[in-house]
file run13.tsv (TSV, C-alpha atoms)
chain	number	residue	atom	x	y	z
W	1	MET	CA	0.00	0.00	0.00
W	2	ASN	CA	0.99	3.58	-0.56
W	3	GLU	CA	0.65	6.32	2.03
W	4	SER	CA	-2.81	6.60	3.46
W	5	GLU	CA	-4.91	9.75	3.35
W	6	THR	CA	-7.24	10.61	6.21
W	7	HIS	CA	-10.37	12.49	5.12
W	8	ASP	CA	-12.48	14.73	7.34
W	9	GLU	CA	-15.59	12.81	6.32
W	10	GLY	CA	-14.44	9.86	8.46
W	11	PHE	CA	-12.46	7.55	6.24
W	12	VAL	CA	-8.91	6.55	5.41
W	13	MET	CA	-8.01	5.92	1.77
W	14	GLU	CA	-5.03	4.18	0.17
W	15	LEU	CA	-4.19	3.20	-3.38
W	16	CYS	CA	-3.51	-0.53	-3.57
W	17	SER	CA	0.04	-1.46	-4.54
W	18	GLY	CA	-1.11	-2.75	-7.92
W	19	LYS	CA	-2.72	0.66	-8.49
W	20	ALA	CA	-5.89	-1.16	-9.52
W	21	ALA	CA	-8.21	-0.06	-6.70
W	22	TRP	CA	-8.63	2.28	-3.75
W	23	GLN	CA	-8.95	0.78	-0.27
W	24	ILE	CA	-11.35	2.81	1.84
W	25	GLU	CA	-11.88	2.15	5.54
W	26	PRO	CA	-14.01	3.99	8.09
W	27	SER	CA	-11.77	5.92	10.50
W	28	GLU	CA	-13.56	4.30	13.42
W	29	LYS	CA	-14.11	0.57	13.73
W	30	VAL	CA	-17.59	-0.52	12.68
W	31	GLU	CA	-19.40	-3.82	12.44
W	32	ILE	CA	-21.96	-3.98	9.67
W	33	ASN	CA	-24.67	-6.26	8.41
W	34	ILE	CA	-23.14	-6.89	4.99
W	35	GLU	CA	-26.55	-7.81	3.52
W	36	THR	CA	-28.14	-4.52	4.63
W	37	VAL	CA	-25.27	-2.36	3.37
W	38	SER	CA	-25.10	-4.31	0.10
W	39	GLU	CA	-28.82	-3.65	-0.39
W	40	LYS	CA	-28.25	0.10	0.10
W	41	ILE	CA	-25.48	0.03	-2.52
W	42	GLN	CA	-27.81	-1.84	-4.88
W	43	ASN	CA	-30.47	0.81	-4.28
W	44	ALA	CA	-27.89	3.36	-5.50
W	45	GLY	CA	-27.88	1.59	-8.88
W	46	TYR	CA	-25.15	-1.04	-8.45
W	47	SER	CA	-25.65	-4.67	-9.49
W	48	VAL	CA	-24.35	-7.67	-7.55
W	49	LYS	CA	-21.68	-9.72	-9.31
W	50	ILE	CA	-20.63	-12.00	-6.43
W	51	LYS	CA	-22.11	-12.46	-2.96
W	52	THR	CA	-20.39	-14.53	-0.24
W	53	ARG	CA	-20.23	-14.22	3.53
W	54	MET	CA	-16.71	-12.76	3.17
W	55	CYS	CA	-17.49	-10.05	0.59
W	56	HIS	CA	-20.00	-8.69	-1.87
W	57	ILE	CA	-18.81	-7.43	-5.25
W	58	LEU	CA	-21.02	-4.88	-6.95
W	59	HIS	CA	-20.64	-2.88	-10.13
W	60	LYS	CA	-22.12	0.02	-12.05
W	61	GLU	CA	-20.74	1.18	-15.39
W	62	ASP	CA	-16.95	1.42	-14.98
W	63	VAL	CA	-16.93	1.16	-11.15
W	64	LYS	CA	-16.52	-2.02	-9.11
W	65	ILE	CA	-17.01	-2.05	-5.34
W	66	THR	CA	-15.96	-4.89	-3.06
W	67	LEU	CA	-17.68	-4.66	0.33
W	68	PHE	CA	-16.29	-6.45	3.41
W	69	PRO	CA	-17.99	-7.23	6.77
W	70	SER	CA	-15.60	-4.75	8.46
W	71	GLY	CA	-17.19	-1.89	6.49
W	72	LYS	CA	-14.08	-1.57	4.34
W	73	ILE	CA	-14.58	-1.23	0.59
W	74	LEU	CA	-12.27	-1.57	-2.38
W	75	VAL	CA	-13.22	0.75	-5.20
W	76	LYS	CA	-11.91	0.03	-8.67
W	77	CYS	CA	-12.34	3.03	-10.94
W	78	GLU	CA	-10.29	5.25	-13.22
W	79	GLU	CA	-10.29	8.48	-11.22
W	80	LYS	CA	-9.37	9.20	-7.61
W	81	LYS	CA	-12.07	11.88	-7.50
W	82	LYS	CA	-14.71	9.24	-8.25
W	83	ALA	CA	-13.32	6.95	-5.51
W	84	ILE	CA	-13.56	9.82	-3.01
W	85	GLU	CA	-17.19	10.49	-4.02
W	86	ILE	CA	-18.00	6.81	-3.49
W	87	ALA	CA	-16.19	6.81	-0.12
W	88	LYS	CA	-18.27	9.79	1.04
W	89	GLN	CA	-21.47	8.10	-0.11
W	90	HIS	CA	-20.41	4.92	1.71
W	91	LEU	CA	-19.88	6.75	5.00
W	92	GLN	CA	-22.74	9.23	4.73
W	93	GLU	CA	-25.45	6.98	3.26
W	94	TRP	CA	-24.68	3.28	3.09
W	95	LEU	CA	-23.21	2.85	6.59
W	96	ILE	CA	-25.80	5.05	8.32
W	97	GLY	CA	-27.70	3.03	10.90
W	98	GLU	CA	-25.10	0.27	11.02

call {"tool": "encode", "arguments": {"input": "run13.tsv", "output": "structure tokens"}}
result
Amino acid sequence: MNESETHDEGFVMELCSGKAAWQIEPSEKVEINIETVSEKIQNAGYSVKIKTRMCHILHKEDVKITLFPSGKILVKCEEKKKAIEIAKQHLQEWLIGE
């Protein structure tokens, strides 16, 4: 991993070493119901590609999100700006109530 960036919105972000995806973790430890959060992501227009107890992989257009039970997500997309937008949505919408 490269250096991490801490964002005021409550998440830490790092570019994976292969530069293929952004790892985004809530700043504070959370435990989520992966099914509930996955459903919220689907309601935002993403489709499920793979669903296991260890992770859910969802996609929309050129974005792929891997959701983990820890609340961490991996976001594969072309632009960092887009990954930050998704991270904010994750913290401000999808994790709310978890």

call {"tool": "residues_around", "arguments": {"input": "run13.tsv", "residues": "W:Cys55", "least_positions_apart": "4", "cutoff": "9 Å", "atoms": "all atoms listed in the file", "output": "MDAnalysis selection string"}}
result
chainID W and resid 34 50:51 66:69

call {"tool": "residues_around", "arguments": {"input": "run13.tsv", "residues": "W:Lys64", "least_positions_apart": "5", "cutoff": "7 Å", "atoms": "all atoms listed in the file", "output": "count of residues only"}}
result
5

call {"tool": "residues_around", "arguments": {"input": "run13.tsv", "residues": "W:Lys72", "least_positions_apart": "5", "cutoff": "8 Å", "atoms": "all atoms listed in the file", "output": "ChimeraX atom specification"}}
result
/W:23-26,67

call {"tool": "closest_residue", "arguments": {"input": "run13.tsv", "among": "W:Ala20, W:Lys40, W:Glu3, W:Tyr46", "to": "W:Leu91", "atoms": "all atoms listed in the file"}}
result
W:Lys40

call {"tool": "closest_residue", "arguments": {"input": "run13.tsv", "among": "W:Val37, W:Ile86, W:Leu95, W:Val30", "to": "W:Met13", "atoms": "only C-alpha atoms"}}
result
W:Ile86

call {"tool": "closest_residue", "arguments": {"input": "run13.tsv", "among": "W:Phe11, W:Ser17, W:Ala44, W:Glu61", "to": "W:Ile73", "atoms": "only C-alpha atoms"}}
result
W:Phe11

call {"tool": "atom_distance", "arguments": {"input": "run13.tsv", "atom1": "atom CA of W:Ser70", "atom2": "atom CA of W:Ile32"}}
result
6.5 Å

call {"tool": "closest_residue", "arguments": {"input": "run13.tsv", "among": "W:Ile65, W:Ile96, W:Ile41, W:Val12", "to": "W:Lys82", "atoms": "all atoms listed in the file"}}
result
W:Ile65

call {"tool": "closest_residue", "arguments": {"input": "run13.tsv", "among": "W:Glu28, W:Asp8, W:Asp62, W:Ala21", "to": "W:Lys80", "atoms": "all atoms listed in the file"}}
result
W:Ala21

call {"tool": "atom_distance", "arguments": {"input": "run13.tsv", "atom1": "atom CA of W:Glu39", "atom2": "atom CA of W:Thr6"}}
result
26.7 Å

call {"tool": "closest_residue", "arguments": {"input": "run13.tsv", "among": "W:Glu14, W:Met54, W:Val48, W:Glu85", "to": "W:Gly71", "atoms": "all atoms listed in the file"}}
result
W:Met54
